[in-house]
>>> print(open('start.pdb').read())   # PDB, C-alpha atoms
ATOM      1  CA  MET A   1      13.024 -61.294  14.477
ATOM      2  CA  PRO A   2      11.012 -60.073  17.473
ATOM      3  CA  SER A   3      11.093 -56.311  17.692
ATOM      4  CA  ASP A   4      12.584 -56.327  21.194
ATOM      5  CA  LEU A   5      15.691 -58.020  19.777
ATOM      6  CA  LEU A   6      16.104 -55.694  16.855
ATOM      7  CA  LEU A   7      18.569 -53.436  18.626
ATOM      8  CA  PHE A   8      20.469 -56.212  20.371
ATOM      9  CA  LYS A   9      21.773 -58.530  17.674
ATOM     10  CA  PRO A  10      24.061 -61.267  19.018
ATOM     11  CA  GLY A  11      27.746 -60.390  18.862
ATOM     12  CA  ARG A  12      27.163 -56.670  18.544
ATOM     13  CA  PHE A  13      27.219 -53.843  21.007
ATOM     14  CA  SER A  14      23.989 -52.745  22.577
ATOM     15  CA  PHE A  15      22.501 -50.028  20.448
ATOM     16  CA  ALA A  16      22.855 -47.555  23.280
ATOM     17  CA  THR A  17      25.021 -47.581  26.381
ATOM     18  CA  GLY A  18      23.848 -44.292  27.799
ATOM     19  CA  ASN A  19      21.183 -41.632  27.621
ATOM     20  CA  VAL A  20      20.919 -37.998  28.537
ATOM     21  CA  ARG A  21      17.939 -35.715  28.869
ATOM     22  CA  TYR A  22      17.703 -32.972  26.311
ATOM     23  CA  VAL A  23      15.825 -29.731  26.165
ATOM     24  CA  ASP A  24      13.686 -28.561  23.218
ATOM     25  CA  ALA A  25      14.768 -24.955  23.318
ATOM     26  CA  THR A  26      16.719 -22.719  25.594
ATOM     27  CA  GLU A  27      16.122 -19.272  24.300
ATOM     28  CA  ALA A  28      13.753 -16.618  25.456
ATOM     29  CA  SER A  29      12.430 -15.785  22.017
ATOM     30  CA  PRO A  30       9.443 -17.783  20.787
ATOM     31  CA  VAL A  31      10.598 -20.814  18.848
ATOM     32  CA  THR A  32       8.574 -22.175  15.996
ATOM     33  CA  GLU A  33      10.046 -25.647  16.142
ATOM     34  CA  ALA A  34      11.498 -27.834  18.859
ATOM     35  CA  ARG A  35      15.165 -28.742  18.677
ATOM     36  CA  ILE A  36      17.253 -31.388  20.365
ATOM     37  CA  VAL A  37      19.652 -29.558  22.654
ATOM     38  CA  VAL A  38      21.985 -31.793  24.635
ATOM     39  CA  PRO A  39      24.732 -31.082  27.147
ATOM     40  CA  VAL A  40      28.302 -31.860  26.061
ATOM     41  CA  GLU A  41      31.675 -31.447  27.727
ATOM     42  CA  LEU A  42      34.907 -30.342  26.121
ATOM     43  CA  LYS A  43      38.313 -31.046  27.564
ATOM     44  CA  SER A  44      39.294 -27.419  27.979
ATOM     45  CA  VAL A  45      35.846 -26.352  29.235
ATOM     46  CA  ALA A  46      35.216 -28.938  31.907
ATOM     47  CA  LYS A  47      31.629 -27.880  32.526
ATOM     48  CA  PRO A  48      28.770 -28.983  30.323
ATOM     49  CA  VAL A  49      27.542 -26.583  27.655
ATOM     50  CA  LEU A  50      24.435 -27.008  25.536
ATOM     51  CA  ALA A  51      24.624 -27.862  21.838
ATOM     52  CA  VAL A  52      21.964 -28.389  19.184
ATOM     53  CA  VAL A  53      21.944 -31.817  17.513
ATOM     54  CA  ASP A  54      21.853 -31.064  13.785
ATOM     55  CA  THR A  55      22.187 -33.831  11.217
ATOM     56  CA  ALA A  56      22.306 -31.190   8.487
ATOM     57  CA  ALA A  57      25.414 -29.537   9.933
ATOM     58  CA  PRO A  58      28.647 -31.079   8.664
ATOM     59  CA  TRP A  59      30.794 -30.244  11.684
ATOM     60  CA  CYS A  60      30.436 -29.525  15.362
ATOM     61  CA  ILE A  61      30.537 -25.773  15.878
ATOM     62  CA  PHE A  62      31.099 -23.795  19.063
ATOM     63  CA  GLU A  63      30.624 -20.192  19.965
ATOM     64  CA  PRO A  64      33.751 -18.040  19.569
ATOM     65  CA  VAL A  65      34.417 -17.642  23.280
ATOM     66  CA  ILE A  66      34.362 -21.416  23.765
ATOM     67  CA  ALA A  67      36.412 -21.762  20.593
ATOM     68  CA  GLU A  68      39.044 -19.497  22.139
ATOM     69  CA  SER A  69      39.521 -21.957  24.999
ATOM     70  CA  LEU A  70      39.746 -24.855  22.577
ATOM     71  CA  VAL A  71      42.294 -23.380  20.189
ATOM     72  CA  ARG A  72      44.672 -22.592  23.032
ATOM     73  CA  ASN A  73      45.237 -26.308  23.522
ATOM     74  CA  SER A  74      45.214 -27.764  20.037
ATOM     75  CA  LEU A  75      46.362 -27.352  16.464
ATOM     76  CA  PRO A  76      43.954 -27.262  13.536
ATOM     77  CA  ILE A  77      43.763 -30.159  11.117
ATOM     78  CA  LEU A  78      43.586 -27.530   8.418
ATOM     79  CA  GLY A  79      44.210 -23.840   9.003
ATOM     80  CA  GLN A  80      41.723 -22.323   6.587
ATOM     81  CA  THR A  81      38.371 -23.868   5.826
ATOM     82  CA  VAL A  82      35.114 -22.403   4.651
ATOM     83  CA  LEU A  83      31.699 -23.377   5.906
ATOM     84  CA  SER A  84      28.602 -22.650   3.885
ATOM     85  CA  THR A  85      25.794 -21.495   6.187
ATOM     86  CA  ARG A  86      22.374 -19.939   5.816
ATOM     87  CA  ILE A  87      23.965 -16.559   6.431
ATOM     88  CA  GLY A  88      26.760 -17.062   3.906
ATOM     89  CA  MET A  89      30.300 -18.425   3.835
ATOM     90  CA  ILE A  90      32.258 -18.389   7.080
ATOM     91  CA  GLN A  91      36.033 -18.732   7.339
ATOM     92  CA  GLY A  92      37.393 -20.916  10.089
ATOM     93  CA  ALA A  93      39.477 -23.968  10.870
ATOM     94  CA  ILE A  94      38.761 -27.634  11.594
ATOM     95  CA  TYR A  95      40.052 -29.046  14.868
ATOM     96  CA  ARG A  96      40.067 -32.508  16.349
ATOM     97  CA  GLU A  97      38.556 -32.410  19.841
ATOM     98  CA  VAL A  98      37.263 -34.921  22.357
ATOM     99  CA  LEU A  99      33.617 -34.267  23.198
ATOM    100  CA  ARG A 100      32.043 -36.060  26.113
ATOM    101  CA  ILE A 101      28.331 -36.809  26.088
ATOM    102  CA  PRO A 102      27.346 -37.074  29.751
ATOM    103  CA  ALA A 103      24.961 -39.833  30.787
ATOM    104  CA  ASP A 104      21.965 -39.559  33.097
ATOM    105  CA  GLU A 105      21.707 -43.325  32.838
ATOM    106  CA  GLY A 106      24.441 -45.675  31.690
ATOM    107  CA  GLU A 107      27.913 -44.630  30.639
ATOM    108  CA  PRO A 108      29.140 -41.303  29.267
ATOM    109  CA  LEU A 109      30.767 -41.429  25.847
ATOM    110  CA  ASP A 110      33.978 -39.735  24.696
ATOM    111  CA  VAL A 111      33.974 -39.055  20.978
ATOM    112  CA  GLU A 112      36.809 -37.636  18.912
ATOM    113  CA  ALA A 113      34.982 -35.027  16.906
ATOM    114  CA  SER A 114      35.759 -32.712  14.009
ATOM    115  CA  VAL A 115      35.013 -29.209  15.172
ATOM    116  CA  PHE A 116      34.740 -26.054  13.079
ATOM    117  CA  LEU A 117      35.856 -22.963  14.956
ATOM    118  CA  SER A 118      35.540 -19.428  13.712
ATOM    119  CA  PRO A 119      35.534 -16.006  15.340
ATOM    120  CA  GLU A 120      32.830 -15.083  12.823
ATOM    121  CA  TRP A 121      30.302 -17.627  14.097
ATOM    122  CA  ARG A 122      27.240 -15.963  15.649
ATOM    123  CA  GLY A 123      24.945 -18.921  16.216
ATOM    124  CA  PRO A 124      24.586 -21.448  19.029
ATOM    125  CA  ASN A 125      26.706 -24.560  19.534
ATOM    126  CA  PHE A 126      26.023 -27.447  17.167
ATOM    127  CA  ILE A 127      26.763 -31.145  17.044
ATOM    128  CA  GLY A 128      27.056 -32.030  13.366
ATOM    129  CA  TYR A 129      26.704 -35.255  11.456
ATOM    130  CA  GLN A 130      30.080 -35.683   9.719
ATOM    131  CA  GLY A 131      31.895 -34.252  12.694
ATOM    132  CA  LEU A 132      30.397 -36.510  15.350
ATOM    133  CA  LEU A 133      27.004 -38.136  14.873
ATOM    134  CA  GLN A 134      28.091 -40.534  12.131
ATOM    135  CA  ARG A 135      30.697 -41.980  14.507
ATOM    136  CA  ILE A 136      28.143 -43.171  17.063
ATOM    137  CA  ARG A 137      24.748 -44.819  17.280
ATOM    138  CA  PHE A 138      22.069 -42.457  18.451
ATOM    139  CA  ALA A 139      18.337 -42.323  18.888
ATOM    140  CA  VAL A 140      15.786 -39.926  20.310
ATOM    141  CA  ASP A 141      12.729 -40.555  22.457
ATOM    142  CA  PRO A 142      10.739 -37.326  22.101
ATOM    143  CA  GLU A 143       8.077 -38.480  24.534
ATOM    144  CA  VAL A 144      10.464 -38.149  27.451
ATOM    145  CA  ASN A 145      13.211 -35.995  25.851
ATOM    146  CA  LEU A 146      15.909 -38.628  26.002
ATOM    147  CA  PHE A 147      18.886 -38.794  23.646
ATOM    148  CA  TYR A 148      20.320 -42.324  23.508
ATOM    149  CA  PHE A 149      23.884 -42.971  22.383
ATOM    150  CA  GLY A 150      26.433 -45.766  22.068
ATOM    151  CA  ARG A 151      29.522 -46.878  20.203
ATOM    152  CA  ILE A 152      29.407 -48.328  16.728
TER     153      ILE A 152
ATOM    154  CA  MET B   1      39.028 -55.748  17.706
ATOM    155  CA  PRO B   2      40.665 -52.357  18.430
ATOM    156  CA  ALA B   3      38.272 -49.504  19.127
ATOM    157  CA  GLY B   4      39.205 -47.637  15.960
ATOM    158  CA  ASP B   5      38.247 -50.654  13.838
ATOM    159  CA  ARG B   6      34.705 -50.414  15.108
ATOM    160  CA  GLU B   7      34.157 -47.157  13.324
ATOM    161  CA  LYS B   8      31.784 -47.134  10.463
ATOM    162  CA  ARG B   9      33.309 -48.912   7.465
ATOM    163  CA  GLU B  10      30.436 -48.626   5.058
ATOM    164  CA  ASN B  11      28.009 -45.867   4.657
ATOM    165  CA  HIS B  12      25.073 -47.232   2.755
ATOM    166  CA  PRO B  13      22.763 -44.298   3.451
ATOM    167  CA  GLU B  14      25.193 -42.132   1.521
ATOM    168  CA  GLU B  15      25.167 -44.255  -1.616
ATOM    169  CA  TRP B  16      23.054 -41.620  -3.297
ATOM    170  CA  TYR B  17      26.129 -39.430  -2.944
ATOM    171  CA  ASN B  18      28.136 -41.640  -5.295
ATOM    172  CA  ARG B  19      27.903 -39.324  -8.232
ATOM    173  CA  LEU B  20      29.823 -36.622  -6.372
ATOM    174  CA  MET B  21      32.275 -39.139  -4.971
ATOM    175  CA  LYS B  22      32.969 -40.437  -8.456
ATOM    176  CA  THR B  23      33.726 -36.931  -9.674
ATOM    177  CA  GLY B  24      36.191 -36.582  -6.821
ATOM    178  CA  ALA B  25      37.807 -39.901  -7.683
ATOM    179  CA  ALA B  26      38.212 -38.833 -11.284
ATOM    180  CA  ARG B  27      39.908 -35.657 -10.150
ATOM    181  CA  GLN B  28      42.309 -37.712  -8.036
ATOM    182  CA  LEU B  29      43.240 -39.931 -10.978
ATOM    183  CA  ASP B  30      43.932 -36.805 -13.007
ATOM    184  CA  LEU B  31      46.108 -35.560 -10.187
ATOM    185  CA  GLU B  32      48.350 -38.614 -10.253
ATOM    186  CA  SER B  33      48.799 -38.520 -14.010
ATOM    187  CA  GLN B  34      50.079 -34.948 -13.878
ATOM    188  CA  ASN B  35      53.331 -35.365 -11.930
ATOM    189  CA  PRO B  36      51.780 -33.972  -8.774
ATOM    190  CA  THR B  37      53.728 -31.929  -6.252
ATOM    191  CA  PRO B  38      53.069 -32.209  -2.495
ATOM    192  CA  GLU B  39      51.005 -29.035  -2.861
ATOM    193  CA  SER B  40      48.714 -30.792  -5.352
ATOM    194  CA  PHE B  41      47.832 -33.327  -2.664
ATOM    195  CA  LEU B  42      47.415 -30.613  -0.052
ATOM    196  CA  GLU B  43      45.052 -28.734  -2.365
ATOM    197  CA  GLU B  44      43.052 -31.914  -2.900
ATOM    198  CA  ILE B  45      42.732 -32.389   0.859
ATOM    199  CA  GLN B  46      41.686 -28.760   1.241
ATOM    200  CA  ALA B  47      39.013 -29.228  -1.436
ATOM    201  CA  ILE B  48      37.639 -32.334   0.273
ATOM    202  CA  ILE B  49      37.409 -30.627   3.652
ATOM    203  CA  ASN B  50      35.874 -27.487   2.138
ATOM    204  CA  SER B  51      33.162 -29.694   0.680
ATOM    205  CA  GLY B  52      32.066 -30.532   4.230
ATOM    206  CA  THR B  53      33.545 -33.979   4.763
ATOM    207  CA  LEU B  54      36.777 -35.687   5.739
ATOM    208  CA  ARG B  55      35.967 -38.779   3.699
ATOM    209  CA  GLY B  56      38.878 -39.651   1.448
ATOM    210  CA  ALA B  57      41.156 -36.913   2.801
ATOM    211  CA  ARG B  58      43.419 -39.305   4.669
ATOM    212  CA  GLU B  59      43.775 -41.502   1.591
ATOM    213  CA  VAL B  60      44.942 -38.483  -0.400
ATOM    214  CA  ALA B  61      47.567 -37.776   2.267
ATOM    215  CA  GLU B  62      48.581 -41.427   2.058
ATOM    216  CA  ARG B  63      48.989 -41.246  -1.698
ATOM    217  CA  GLY B  64      50.984 -38.061  -1.341
ATOM    218  CA  LEU B  65      53.255 -39.737   1.194
ATOM    219  CA  ALA B  66      53.835 -42.619  -1.199
ATOM    220  CA  LEU B  67      55.519 -40.111  -3.510
ATOM    221  CA  TYR B  68      56.873 -37.698  -0.894
ATOM    222  CA  PRO B  69      57.378 -39.742   2.286
ATOM    223  CA  ASP B  70      59.325 -36.987   4.083
ATOM    224  CA  HIS B  71      56.968 -34.127   3.424
ATOM    225  CA  PRO B  72      56.154 -32.738   6.897
ATOM    226  CA  GLU B  73      52.708 -31.296   6.129
ATOM    227  CA  LEU B  74      51.535 -34.493   4.428
ATOM    228  CA  GLN B  75      52.851 -36.448   7.426
ATOM    229  CA  ARG B  76      51.051 -34.123   9.844
ATOM    230  CA  LEU B  77      47.779 -34.353   7.946
ATOM    231  CA  HIS B  78      48.014 -38.111   7.669
ATOM    232  CA  TYR B  79      48.291 -38.234  11.459
ATOM    233  CA  ALA B  80      45.664 -35.547  12.111
ATOM    234  CA  LEU B  81      43.188 -37.434   9.920
ATOM    235  CA  ARG B  82      43.741 -40.803  11.621
ATOM    236  CA  PRO B  83      40.581 -42.775  12.485
ATOM    237  CA  PHE B  84      38.477 -41.098  15.134
ATOM    238  CA  GLU B  85      38.063 -42.970  18.395
ATOM    239  CA  VAL B  86      34.917 -43.357  20.445
ATOM    240  CA  ARG B  87      35.230 -44.599  24.019
ATOM    241  CA  SER B  88      32.645 -45.545  26.578
ATOM    242  CA  ARG B  89      33.415 -44.198  30.056
ATOM    243  CA  PRO B  90      32.141 -46.755  32.601
ATOM    244  CA  ASP B  91      34.318 -45.015  35.217
ATOM    245  CA  LEU B  92      31.966 -42.025  35.006
ATOM    246  CA  LYS B  93      28.757 -43.998  35.364
ATOM    247  CA  GLY B  94      26.442 -42.165  37.766
ATOM    248  CA  PHE B  95      28.696 -39.106  37.857
ATOM    249  CA  TYR B  96      26.185 -36.778  36.243
ATOM    250  CA  LEU B  97      23.128 -35.520  38.049
ATOM    251  CA  ASP B  98      19.712 -35.050  36.518
ATOM    252  CA  PRO B  99      20.007 -31.937  34.314
ATOM    253  CA  ARG B 100      16.282 -31.155  34.391
ATOM    254  CA  PRO B 101      16.470 -28.551  37.190
ATOM    255  CA  ASN B 102      18.953 -26.552  35.079
ATOM    256  CA  TYR B 103      16.689 -26.887  32.036
ATOM    257  CA  GLU B 104      13.699 -25.727  34.072
ATOM    258  CA  TRP B 105      15.638 -22.686  35.196
ATOM    259  CA  LEU B 106      16.486 -21.828  31.583
ATOM    260  CA  LYS B 107      12.893 -22.248  30.518
ATOM    261  CA  LYS B 108      11.587 -19.942  33.210
ATOM    262  CA  ASN B 109      14.317 -17.319  33.297
ATOM    263  CA  SER B 110      15.992 -17.028  29.900
ATOM    264  CA  ALA B 111      14.015 -13.938  28.895
ATOM    265  CA  ALA B 112      15.561 -11.935  31.713
ATOM    266  CA  TYR B 113      19.115 -12.888  30.815
ATOM    267  CA  ALA B 114      19.288 -12.462  27.034
ATOM    268  CA  GLY B 115      22.874 -11.982  25.885
ATOM    269  CA  LYS B 116      24.349 -13.304  29.154
ATOM    270  CA  TRP B 117      26.385 -16.339  30.052
ATOM    271  CA  VAL B 118      24.649 -18.127  32.907
ATOM    272  CA  ALA B 119      26.371 -20.517  35.300
ATOM    273  CA  LEU B 120      23.879 -22.957  36.802
ATOM    274  CA  ASP B 121      24.166 -25.565  39.524
ATOM    275  CA  ARG B 122      21.288 -27.997  40.129
ATOM    276  CA  GLY B 123      18.647 -25.540  39.004
ATOM    277  CA  GLU B 124      20.080 -22.476  40.730
ATOM    278  CA  LEU B 125      21.748 -19.501  39.151
ATOM    279  CA  VAL B 126      25.293 -19.077  40.434
ATOM    280  CA  LEU B 127      26.273 -16.176  38.188
ATOM    281  CA  ALA B 128      25.098 -14.324  35.080
ATOM    282  CA  SER B 129      27.731 -12.385  33.193
ATOM    283  CA  ASP B 130      28.663 -10.918  29.833
ATOM    284  CA  ASP B 131      31.942 -12.749  30.246
ATOM    285  CA  PHE B 132      32.250 -16.491  29.676
ATOM    286  CA  LYS B 133      35.352 -16.735  31.866
ATOM    287  CA  GLU B 134      33.526 -15.244  34.862
ATOM    288  CA  ALA B 135      30.693 -17.745  34.476
ATOM    289  CA  TYR B 136      33.172 -20.564  34.112
ATOM    290  CA  ASP B 137      35.188 -19.492  37.154
ATOM    291  CA  ALA B 138      32.037 -19.199  39.255
ATOM    292  CA  LEU B 139      31.499 -22.935  38.931
ATOM    293  CA  GLN B 140      35.042 -24.037  39.627
ATOM    294  CA  ASP B 141      34.344 -25.189  43.173
ATOM    295  CA  ARG B 142      31.045 -26.856  42.312
ATOM    296  CA  GLU B 143      30.543 -30.523  41.629
ATOM    297  CA  PRO B 144      30.739 -30.655  37.812
ATOM    298  CA  GLY B 145      28.030 -33.308  37.408
ATOM    299  CA  GLY B 146      25.268 -30.860  38.352
ATOM    300  CA  THR B 147      26.497 -27.737  36.574
ATOM    301  CA  LEU B 148      25.778 -26.163  33.233
ATOM    302  CA  ILE B 149      27.105 -23.121  31.404
ATOM    303  CA  HIS B 150      24.908 -21.594  28.764
ATOM    304  CA  HIS B 151      24.972 -18.515  26.585
ATOM    305  CA  ILE B 152      21.490 -17.114  26.133
ATOM    306  CA  LEU B 153      21.568 -15.703  22.631
ATOM    307  CA  ALA B 154      20.031 -12.266  22.210
ATOM    308  CA  PHE B 155      18.040 -12.150  18.979
TER     309      PHE B 155
END
>>> encode(input="start.pdb", output="structure tokens")
Amino acid sequence: MPSDLLLFKPGRFSFATGNVRYVDATEASPVTEARIVVPVELKSVAKPVLAVVDTAAPWCIFEPVIAESLVRNSLPILGQTVLSTRIGMIQGAIYREVLRIPADEGEPLDVEASVFLSPEWRGPNFIGYQGLLQRIRFAVDPEVNLFYFGRI
Amino acid sequence: MPAGDREKRENHPEEWYNRLMKTGAARQLDLESQNPTPESFLEEIQAIINSGTLRGAREVAERGLALYPDHPELQRLHYALRPFEVRSRPDLKGFYLDPRPNYEWLKKNSAAYAGKWVALDRGELVLASDDFKEAYDALQDREPGGTLIHHILAF
């Protein structure tokens, strides 16, 4: 099969229906490695916030102050859950939330995601694999910092 | 085909995970041979979720409901764990503006705003605050497609 057709098999969706520019890092401190940091929107925070794409993270995770806005409008799937992190076990709860990936080109995508929220979380926002990424098709073009996405 | 049916049905890349999945399946069989209570099923669901996945959790709720169809928590979990939907939003095509000016601002100015929430609009700082709500409110009248809220972590 010619390589230009690889991602467009007949009868299937296009591999990607949208893309968004991402940033490698956002923090002031020197970073040793580039990350993929994309904007996402949450229903109760209708302005984009930045989140790190992390295939090693099971769930999506948001900073406590964003979590506060989210929990006001939804019930947890499970009240008490633990998350094993590099800094130890964190207690929290899993919620079901719609995350929107905005599109610079093409169509934005709304994804029902599994989100871990905890007042103990001290890191940045994350988009995890089990919680979101495995429900979509995605690809990265690091040459131009584009994150491609589409429905399965 | 309904949208939910388009979700991933098979997960070949995770086949290497089968050994753990088989252990889980064995535990479930044990569960059913021990006159399980609704709490046994709830504990099983809790264990699955604590292991960092939702895979199989809905099926456990389903099996619990087969024995205890009126149990409210099993009913709630069965609904909460329903297939996750993904929807394209063609109505929002072209709604978002190029985010690069906001990224450029962050790149150049983050050092001066460590620990702050910054509210940005098309590459310009609208407000920096210790308070998320203030940053959020500062953007309320702005066109959302060009805005960004970001917390600059202080290490």
>>> closest_residue(input="start.pdb", among="B:Leu65, B:Ala128, B:Leu31, B:Leu77", to="chain A", atoms="only C-alpha atoms")
B:Leu77
>>> closest_residue(input="start.pdb", among="A:Leu109, A:Val45, A:Val38, A:Ile66", to="chain B", atoms="all atoms listed in the file")
A:Leu109
>>> interface_residues(input="start.pdb", of="chain B", to="chain A", cutoff="7 Å", atoms="only C-alpha atoms", output="VMD selection string")
chain B and resid 6 to 8 50 52 to 53 77 80 84 to 90 92 to 94 96 to 99 103 106 to 107 110 to 111 132 144 147 to 150 152 to 153
>>> residues_near_point(input="start.pdb", point="(51.2, -36.8, 4.5)", cutoff="7 Å", atoms="all atoms listed in the file", output="mmCIF file with C-alpha atoms, in the frame of the given file")
data_model
loop_
_atom_site.group_PDB
_atom_site.id
_atom_site.type_symbol
_atom_site.label_atom_id
_atom_site.label_comp_id
_atom_site.auth_asym_id
_atom_site.auth_seq_id
_atom_site.Cartn_x
_atom_site.Cartn_y
_atom_site.Cartn_z
ATOM 1 C CA ALA B 61 47.567 -37.776 2.267
ATOM 2 C CA GLU B 62 48.581 -41.427 2.058
ATOM 3 C CA GLY B 64 50.984 -38.061 -1.341
ATOM 4 C CA LEU B 65 53.255 -39.737 1.194
ATOM 5 C CA HIS B 71 56.968 -34.127 3.424
ATOM 6 C CA PRO B 72 56.154 -32.738 6.897
ATOM 7 C CA GLU B 73 52.708 -31.296 6.129
ATOM 8 C CA LEU B 74 51.535 -34.493 4.428
ATOM 9 C CA GLN B 75 52.851 -36.448 7.426
ATOM 10 C CA ARG B 76 51.051 -34.123 9.844
ATOM 11 C CA LEU B 77 47.779 -34.353 7.946
ATOM 12 C CA HIS B 78 48.014 -38.111 7.669
#
>>> atom_distance(input="start.pdb", atom1="CA of Phe138 (chain A)", atom2="CA of Ile36 (chain A)")
12.2 Å
>>> residues_near_point(input="start.pdb", point="(33.1, -20.5, 37.8)", cutoff="12 Å", atoms="only C-alpha atoms", output="number ranges by chain")
A: 45-47; B: 117-121, 125-129, 131-144, 147-149
>>> atom_distance(input="start.pdb", atom1="CA of Gly115 (chain B)", atom2="CA of Ala154 (chain B)")
4.7 Å
>>> residues_around(input="start.pdb", residues="region 56-60 of chain B", least_positions_apart="4", cutoff="8 Å", atoms="all atoms listed in the file", output="PyMOL selection string")
chain B and resi 41+44-45+48-49+64+77-78+81-82
>>> write_last_selection(input="start.pdb", atoms="C-alpha atoms", output="mmCIF file, in the coordinates of the input")
data_model
loop_
_atom_site.group_PDB
_atom_site.id
_atom_site.type_symbol
_atom_site.label_atom_id
_atom_site.label_comp_id
_atom_site.auth_asym_id
_atom_site.auth_seq_id
_atom_site.Cartn_x
_atom_site.Cartn_y
_atom_site.Cartn_z
ATOM 1 C CA PHE B 41 47.832 -33.327 -2.664
ATOM 2 C CA GLU B 44 43.052 -31.914 -2.900
ATOM 3 C CA ILE B 45 42.732 -32.389 0.859
ATOM 4 C CA ILE B 48 37.639 -32.334 0.273
ATOM 5 C CA ILE B 49 37.409 -30.627 3.652
ATOM 6 C CA GLY B 64 50.984 -38.061 -1.341
ATOM 7 C CA LEU B 77 47.779 -34.353 7.946
ATOM 8 C CA HIS B 78 48.014 -38.111 7.669
ATOM 9 C CA LEU B 81 43.188 -37.434 9.920
ATOM 10 C CA ARG B 82 43.741 -40.803 11.621
#
>>> atom_distance(input="start.pdb", atom1="CA of Ser14 (chain A)", atom2="CA of Tyr148 (chain A)")
11.1 Å
>>> residues_around(input="start.pdb", residues="Asp54 (chain A)", least_positions_apart="5", cutoff="7 Å", atoms="all atoms listed in the file", output="VMD selection string")
chain A and resid 126 to 129
>>> closest_residue(input="start.pdb", among="A:Val115, A:Leu133, A:Glu120, A:Ile87", to="Thr55 (chain A)", atoms="all atoms listed in the file")
A:Leu133
